[in-house]
Amino acid sequence: MSQTERTCFVVSDGRRGIENQALGLAEALSDLTPLRLMPVHVPRTGPIPDPGPIAPEVWIGCGRAAVRASEVHRRAFPDCTMVYIQHPRENMARFDLVIPPRHDRLDGPNVFSILGSANRITPSRLAEGAAPFASRMAGFGTPRAAVLIGGDSRHHRFGEAVNTYLIERLAFLRACDVALLITVSRRTPDALKDALRERFSHDEGVWLHEDGAPNPYFAFLEGADWIFVTEDSTNMLTEAAATGKPVFRLPVAGDPGKFRRLYAELEAYGAVRPFLGRLDRWRYRPLRETGRAAQRVLEILDAKSHS
């Protein structure tokens, strides 16, 4: 390890959607300063494991498990710069910096709000993720639409009507000779997965990925001409907007609440539009909020090192 390299704990419960936010910020920070990334997985309940003997200069956490761990880690590493992504709901003063989504409307002296969520999407990351799938993608039809499907959440519900609507929209795209790159999440209801298989499993113009490795998610984003995202997922909407490609929002049932502000902000930015049956093309600057947040973390680190 070089003398100038800092150590960074990346703290989460290990779930991909949670860990990727913390990892995305850590990777963006590593583009600005030499950084050794150390993923630390902590349980959502039960005792917090001993953090070990390595003292990090920076701690980046995301998710409720990271909030739980932050008390133990703050005592163990009092000089560490602690950064939390999302709204911690408690103990705001424990963190040097809190990075919530702007639609949470959180204020405070240590708050740095961003549009959407932190993520790992960069041109180099997309190219790296697409490389293992280059041969299959090259033989696939064009134009292409990536379709990112989430699932039930506290604010959103996938039921029979929503499933029917989504299948009809995707069938419409196939009727327009658009190849589909479809990926579902762990939250996607089985009924919708079954409907997707029944409708598209024998269609050579559809690539349906459900689970397993390797994951073509980055390849889908890189290879798409348009990206369609169900509106339940802040992460997927933000990741899609980070590509600079046209993003269409697919509505689902429920009461979006504060997420209406997210939709409005992404539309005002120029990245996202509701799908009204027209395959428009437009340009906008890729959303790079993770890099902006990483710059703020670096400012805090540098200020500490010179104090």
# chains A, B, ... in the order shown; residues from 1 in each chain; ligands from 1

$ select_by_dssp --residues "range 61-185 of chain A" --states "strand (DSSP E or B)" --output "number ranges by chain"
A: 61-62, 81-85, 97-99, 101, 111, 114, 144-149, 156-157, 179-184

$ closest_atom_pairs --of "range 58-95 of chain A" --to "range 295-305 of chain A" --cutoff "12 Å" --atoms "only C-alpha atoms" --output "tab-separated table"
residue	atom	partner	partner_atom	distance
A:Val58	CA	A:Leu301	CA	7.9
A:Trp59	CA	A:Val297	CA	10.5
A:Ile60	CA	A:Val297	CA	9.9
A:Asp79	CA	A:Lys304	CA	9.2
A:Cys80	CA	A:Leu301	CA	9.2
A:Thr81	CA	A:Leu301	CA	6.9
A:Met82	CA	A:Val297	CA	9.4
A:Val83	CA	A:Val297	CA	7.8
A:Tyr84	CA	A:Val297	CA	10.8
A:Ile85	CA	A:Val297	CA	11.7
A:Phe95	CA	A:Val297	CA	11.7

$ atom_distance --atom1 "CA of Gly151 in chain A" --atom2 "CA of Gly270 in chain A"
25.0 Å

$ atom_distance --atom1 "CA of Ala76 in chain A" --atom2 "CA of Pro51 in chain A"
7.8 Å

$ residues_around --residues "range 195-203 of chain A" --least-positions-apart "3" --cutoff "12 Å" --atoms "only C-alpha atoms" --output "MDAnalysis selection string"
chainID A and resid 140:141 147 149 159:160 162:171 174:175 177:184 188:192 206:210

$ closest_residue --among "A:Glu5, A:Glu289, A:Glu231, A:Asp50" --to "Ala69 in chain A" --atoms "only C-alpha atoms"
A:Asp50

$ select_by_dssp --residues "range 186-276 of chain A" --states "helix (DSSP H, G or I)" --output "number ranges by chain"
A: 190-200, 217-223, 234-241, 259-269

$ closest_residue --among "A:Leu148, A:Val247, A:Ala242, A:Val42" --to "Asn119 in chain A" --atoms "only C-alpha atoms"
A:Ala242

$ atom_distance --atom1 "CA of Gly254 in chain A" --atom2 "CA of Arg278 in chain A"
24.8 Å

$ closest_residue --among "A:Cys176, A:Ala145, A:Met137, A:Leu32" --to "Val229 in chain A" --atoms "only C-alpha atoms"
A:Ala145

$ residues_around --residues "Arg273 in chain A" --least-positions-apart "6" --cutoff "12 Å" --atoms "only C-alpha atoms" --output "ChimeraX atom specification"
/A:226-231,237,240-241,245-251,263-267,279-282

$ closest_residue --among "A:Arg6, A:Arg136, A:Arg16, A:Arg120" --to "Ala219 in chain A" --atoms "only C-alpha atoms"
A:Arg136

$ residues_around --residues "Thr290 in chain A" --least-positions-apart "4" --cutoff "10 Å" --atoms "only C-alpha atoms" --output "JSON, numbers by chain"
{"A": [21, 22, 24, 25, 26, 27, 28, 29, 99, 114, 115, 116, 117, 118, 119, 120, 121, 122, 242, 294, 295]}

$ residues_around --residues "Gly14 in chain A" --least-positions-apart "3" --cutoff "12 Å" --atoms "only C-alpha atoms" --output "list in words"
Val10, Val11, Gly17, Ile18, Glu19, Asn20, Gln21, Ala22, Leu23, Pro39, Val40, His41, Val42, Pro43, Arg44, Gly61, Cys62, Gly63, Arg64, Ala65 and Ala66 of chain A

$ write_last_selection --atoms "N, CA and C atoms" --output "tab-separated table (two decimals), in the first residue's frame"
chain	number	residue	atom	x	y	z
A	10	VAL	N	-16.41	0.04	3.11
A	10	VAL	CA	-17.67	0.16	2.37
A	10	VAL	C	-18.67	-0.73	3.09
A	11	VAL	N	-19.58	-0.12	3.84
A	11	VAL	CA	-20.37	-0.85	4.83
A	11	VAL	C	-21.83	-0.97	4.39
A	17	GLY	N	-28.56	-3.82	-4.17
A	17	GLY	CA	-29.05	-2.46	-4.35
A	17	GLY	C	-28.54	-1.50	-3.30
A	18	ILE	N	-28.28	-2.01	-2.09
A	18	ILE	CA	-27.75	-1.19	-1.01
A	18	ILE	C	-26.24	-1.04	-1.14
A	19	GLU	N	-25.56	-2.16	-1.30
A	19	GLU	CA	-24.09	-2.12	-1.37
A	19	GLU	C	-23.61	-1.30	-2.56
A	20	ASN	N	-24.30	-1.39	-3.70
A	20	ASN	CA	-23.85	-0.68	-4.90
A	20	ASN	C	-23.84	0.83	-4.72
A	21	GLN	N	-24.73	1.36	-3.86
A	21	GLN	CA	-24.72	2.79	-3.63
A	21	GLN	C	-23.45	3.21	-2.90
A	22	ALA	N	-23.12	2.47	-1.83
A	22	ALA	CA	-21.89	2.77	-1.09
A	22	ALA	C	-20.66	2.50	-1.94
A	23	LEU	N	-20.68	1.40	-2.68
A	23	LEU	CA	-19.55	1.05	-3.52
A	23	LEU	C	-19.38	2.06	-4.65
A	39	PRO	N	-14.90	-3.88	1.43
A	39	PRO	CA	-16.32	-4.13	1.72
A	39	PRO	C	-16.48	-4.77	3.10
A	40	VAL	N	-17.42	-4.23	3.89
A	40	VAL	CA	-17.71	-4.75	5.22
A	40	VAL	C	-19.21	-5.04	5.29
A	41	HIS	N	-19.58	-6.30	5.45
A	41	HIS	CA	-20.98	-6.69	5.53
A	41	HIS	C	-21.37	-6.88	6.98
A	42	VAL	N	-22.46	-6.23	7.37
A	42	VAL	CA	-22.95	-6.34	8.74
A	42	VAL	C	-24.40	-6.81	8.71
A	43	PRO	N	-24.83	-7.55	9.72
A	43	PRO	CA	-26.21	-8.06	9.74
A	43	PRO	C	-27.20	-6.96	10.09
A	44	ARG	N	-28.44	-7.16	9.65
A	44	ARG	CA	-29.49	-6.19	9.96
A	44	ARG	C	-30.01	-6.34	11.38
A	61	GLY	N	-21.14	4.17	4.31
A	61	GLY	CA	-22.17	3.19	4.60
A	61	GLY	C	-23.49	3.52	3.94
A	62	CYS	N	-24.31	2.47	3.76
A	62	CYS	CA	-25.65	2.64	3.19
A	62	CYS	C	-26.54	1.56	3.77
A	63	GLY	N	-27.77	1.92	4.13
A	63	GLY	CA	-28.74	0.96	4.63
A	63	GLY	C	-28.79	0.94	6.15
A	64	ARG	N	-29.88	0.38	6.67
A	64	ARG	CA	-30.11	0.38	8.12
A	64	ARG	C	-29.03	-0.39	8.88
A	65	ALA	N	-28.50	-1.44	8.29
A	65	ALA	CA	-27.45	-2.18	8.96
A	65	ALA	C	-26.21	-1.31	9.17
A	66	ALA	N	-25.91	-0.47	8.19
A	66	ALA	CA	-24.76	0.43	8.32
A	66	ALA	C	-24.99	1.45	9.43

$ closest_residue --among "A:Arg187, A:Arg292, A:Arg94, A:His103" --to "His73 in chain A" --atoms "only C-alpha atoms"
A:Arg94

$ residues_around --residues "Asn215 in chain A" --least-positions-apart "2" --cutoff "10 Å" --atoms "only C-alpha atoms" --output "JSON, numbers by chain"
{"A": [129, 130, 132, 133, 183, 209, 210, 211, 212, 213, 217, 218, 219, 220]}
